[in-house]
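For reference, final.txt is printed below; it contains compact mmCIF, C-alpha atoms and all ligand atoms.
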# COMPACT_ATOMS: atom_id res chain seq x y z
CA MET A 1 50.79 -74.86 84.48
CA ASN A 2 52.48 -75.21 81.09
CA ASP A 3 53.53 -78.48 79.43
CA LYS A 4 57.19 -78.06 80.31
CA GLU A 5 56.40 -77.54 83.98
CA LEU A 6 54.11 -80.58 83.99
CA CYS A 7 56.92 -82.69 82.48
CA LYS A 8 59.27 -81.44 85.21
CA LEU A 9 56.81 -82.52 87.90
CA ALA A 10 56.58 -85.97 86.29
CA ALA A 11 60.37 -86.30 86.29
CA HIS A 12 60.47 -85.20 89.93
CA ALA A 13 57.78 -87.76 90.85
CA ALA A 14 59.90 -90.52 89.26
CA LYS A 15 62.49 -89.87 91.96
CA ARG A 16 60.03 -91.27 94.51
CA SER A 17 59.55 -94.50 92.52
CA TYR A 18 59.70 -97.66 94.60
CA SER A 19 61.08 -100.07 92.01
CA PRO A 20 63.63 -102.41 93.62
CA TYR A 21 62.69 -105.28 91.26
CA SER A 22 62.66 -103.70 87.81
CA HIS A 23 64.86 -100.69 88.62
CA PHE A 24 62.61 -98.87 86.14
CA ALA A 25 61.52 -95.59 87.69
CA VAL A 26 58.40 -93.91 86.32
CA GLY A 27 56.75 -90.66 87.36
CA ALA A 28 53.49 -89.06 86.28
CA ALA A 29 51.91 -85.64 86.70
CA LEU A 30 48.20 -85.33 85.98
CA LEU A 31 46.78 -81.89 85.24
CA CYS A 32 43.13 -81.54 86.23
CA LYS A 33 40.64 -79.11 84.67
CA ASN A 34 40.53 -77.20 87.98
CA GLY A 35 44.28 -76.54 87.65
CA ASP A 36 45.35 -78.98 90.36
CA VAL A 37 48.14 -81.44 89.63
CA TYR A 38 48.34 -84.94 91.06
CA THR A 39 51.62 -86.80 90.84
CA GLY A 40 52.36 -90.51 91.07
CA CYS A 41 55.24 -92.95 90.86
CA ASN A 42 55.34 -96.68 90.25
CA ILE A 43 55.17 -98.74 93.43
CA GLU A 44 56.38 -102.31 93.10
CA ASN A 45 55.73 -105.29 95.33
CA GLY A 46 57.62 -108.50 96.12
CA ALA A 47 54.58 -110.49 95.02
CA PHE A 48 54.87 -108.65 91.65
CA THR A 49 51.17 -108.49 90.66
CA PRO A 50 50.26 -105.84 93.29
CA THR A 51 52.64 -103.43 91.53
CA VAL A 52 50.96 -100.23 90.38
CA CYS A 53 52.10 -97.93 87.61
CA ALA A 54 52.81 -94.23 88.14
CA GLU A 55 49.91 -93.15 85.92
CA ARG A 56 47.33 -95.12 87.88
CA VAL A 57 48.65 -93.80 91.19
CA ALA A 58 48.16 -90.23 89.90
CA PHE A 59 44.65 -90.96 88.60
CA PHE A 60 43.56 -92.79 91.74
CA LYS A 61 44.88 -90.05 94.01
CA ALA A 62 42.82 -87.50 92.04
CA VAL A 63 39.64 -89.58 91.83
CA SER A 64 39.83 -90.44 95.52
CA ASP A 65 39.96 -86.68 96.20
CA GLY A 66 36.74 -86.26 94.22
CA VAL A 67 38.39 -84.91 91.05
CA ARG A 68 37.29 -86.47 87.74
CA ASP A 69 37.91 -83.87 85.05
CA PHE A 70 41.32 -84.07 83.45
CA GLU A 71 43.32 -82.17 80.83
CA LYS A 72 46.54 -84.11 80.30
CA ILE A 73 49.16 -86.30 81.91
CA ALA A 74 52.95 -86.13 81.63
CA VAL A 75 54.84 -89.40 82.02
CA ALA A 76 58.59 -89.62 82.70
CA GLY A 77 60.56 -92.84 82.64
CA GLY A 78 62.39 -94.29 79.69
CA GLY A 79 60.21 -92.35 77.25
CA CYS A 80 57.80 -95.29 77.05
CA PRO A 81 54.07 -94.85 76.46
CA PRO A 82 51.70 -95.88 79.27
CA CYS A 83 50.78 -99.57 79.45
CA GLY A 84 47.39 -100.80 78.22
CA VAL A 85 45.97 -101.08 81.73
CA CYS A 86 46.80 -97.45 82.48
CA LEU A 87 45.35 -96.32 79.14
CA GLN A 88 42.15 -98.18 79.99
CA VAL A 89 41.99 -96.43 83.40
CA MET A 90 42.50 -93.07 81.66
CA SER A 91 39.69 -93.88 79.20
CA GLU A 92 37.26 -94.32 82.10
CA PHE A 93 37.63 -90.66 83.08
CA ALA A 94 39.13 -88.86 80.11
CA VAL A 95 37.86 -88.23 76.59
CA GLY A 96 39.80 -89.22 73.45
CA GLY A 97 41.35 -85.74 73.18
CA PHE A 98 42.99 -86.12 76.58
CA GLU A 99 46.73 -85.56 76.06
CA ILE A 100 49.62 -87.77 77.09
CA LEU A 101 53.05 -86.09 77.16
CA LEU A 102 55.93 -88.56 77.02
CA VAL A 103 59.01 -87.05 78.60
CA LYS A 104 62.12 -87.70 76.48
CA ASP A 105 65.77 -86.80 77.02
CA ASP A 106 65.43 -83.72 74.83
CA GLY A 107 61.87 -82.61 75.59
CA PHE A 108 58.54 -84.36 75.23
CA GLU A 109 56.30 -86.06 72.67
CA ARG A 110 52.59 -85.24 72.52
CA HIS A 111 49.96 -87.92 71.97
CA THR A 112 46.23 -88.22 72.49
CA LEU A 113 44.50 -90.99 74.38
CA GLY A 114 42.46 -91.76 71.25
CA GLU A 115 45.68 -92.28 69.31
CA LEU A 116 47.27 -94.62 71.89
CA LEU A 117 44.07 -96.52 72.72
CA PRO A 118 41.70 -96.21 69.76
CA LEU A 119 39.34 -98.96 70.94
CA SER A 120 38.97 -98.84 74.71
CA PHE A 121 36.70 -101.24 76.50
CA SER A 122 33.37 -99.79 77.54
CA LEU A 123 30.21 -101.47 78.85
CA GLU A 124 28.25 -98.97 76.79
CA LYS A 125 29.56 -99.90 73.34
N1 LIG A 201 55.31 -98.89 84.72
C1 LIG A 201 54.68 -97.69 84.95
O1 LIG A 201 54.80 -97.11 86.04
N2 LIG A 201 53.89 -97.19 83.98
C2 LIG A 201 53.63 -97.81 82.79
O2 LIG A 201 52.81 -97.34 82.01
C3 LIG A 201 54.33 -99.04 82.44
C4 LIG A 201 55.24 -99.60 83.48
C5 LIG A 201 56.13 -99.46 85.79
C6 LIG A 201 55.59 -100.74 86.36
C7 LIG A 201 56.83 -101.40 86.88
O3 LIG A 201 57.08 -100.93 88.20
C8 LIG A 201 57.94 -100.88 85.98
O4 LIG A 201 57.41 -99.76 85.30
C9 LIG A 201 58.44 -101.90 84.96
O5 LIG A 201 57.40 -102.44 84.26
Go ahead and express the file in the form of structure tokens.
Ligand code: THU
Amino acid sequence: MNDKELCKLAAHAAKRSYSPYSHFAVGAALLCKNGDVYTGCNIENGAFTPTVCAERVAFFKAVSDGVRDFEKIAVAGGGCPPCGVCLQVMSEFAVGGFEILLVKDDGFERHTLGELLPLSFSLEK
């Protein structure tokens, strides 16, 4: 799975977004070390706070399948970086070198988790 293909899967996942409140569709495609890809979309809720972001859906699908080793995640939706809560979830399972590909109109931007969340919370620090 190359980066371009992963970005395409993220953009495809965004089409399944359930976002009737914000109308902001986000999709994510998480590449695992075993080569599997888990996708996610944001799922909103009328009570607002139960809303989950696309990135967390992808991570939780993978972890609930017993997969915990990750390479990178592609995120499609407005070109925005993942929110702080999603970065914190990523930091639980991924090392600082874990890559985050932000899908843009004309391609993608590459970042590392360490760059976007230099000081994650950890009980061990
Ligand atoms: N959202 C994501 O799916 N990922 C993020 O990292 C930030 C925001 C979603 C949540 C909500 O459904 C919509 O985008 C607007 O905030």
Return as a PyMOL selection string every polymer residue, whether protein, DNA or RNA, with at least one atom no more than 8 Å from an atom of ligand LIG 201 (chain A); count all atoms listed in the file.
-> chain A and resi 18-19+21-27+41-44+51-56+77+80-86
Please determine an axis-aligned box that encloses all atoms of range 105-123 of chain A listed in the file, with 6 Å added on each side, and express its centre and edge lengths in Å to one decimal as JSON.
{"center_x": 48.0, "center_y": -92.0, "center_z": 74.1, "size_x": 47.6, "size_y": 30.9, "size_z": 21.5}
At a cut-off of 10 Å from (57.6, -83.9, 89.5) in the coordinates of the file, what residues are picked up using only C-alpha atoms, written as an NGL selection string?
-> :A and (5-16 or 27-29 or 37-41 or 74-76)
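The interatomic distance for the pair CA of Gly97 in chain A and CA of Glu109 in chain A works out to 15.0 Å.
You will find CA of Gln88 in chain A at 17.7 Å from CA of Leu31 in chain A.
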How far is it from CA of Lys72 in chain A to CA of Phe98 in chain A, in Å with one decimal?
-> 5.5 Å
A:Gly66, A:Glu124, A:Gly46, A:Lys4 ranked by distance to Arg110 in chain A, top pick (using all atoms listed in the file) |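 Of A:Gly66, A:Glu124, A:Gly46, A:Lys4, the one nearest Arg110 in chain A, counting all atoms listed in the file, is A:Lys4.
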Mind checking which residues fall within 10 Å of Lys33 in chain A, counting all atoms listed in the file, ignoring those fewer than 4 positions away in the same chain, and posting them as a PyMOL selection string?
-> chain A and resi 37+67-72
Closest of A:Cys32, A:Thr49, A:Asp65, A:Phe59 to Glu92 in chain A - atom-to-atom distances counting all atoms listed in the file = A:Phe59
Any idea what's packed within 12 Å of Ser122 in chain A, counting only C-alpha atoms, ignoring anything in its chain fewer than 3 positions away? Could you give it as a list in words?
-> Gln88, Val89, Ser91, Glu92, Phe93, Pro118, Leu119 and Lys125 of chain A
Given the choices A:Glu99, A:Glu115, A:Phe60, A:Leu87, which gets closest to Ile73 in chain A if the distance is worked out from only C-alpha atoms?
-> A:Glu99
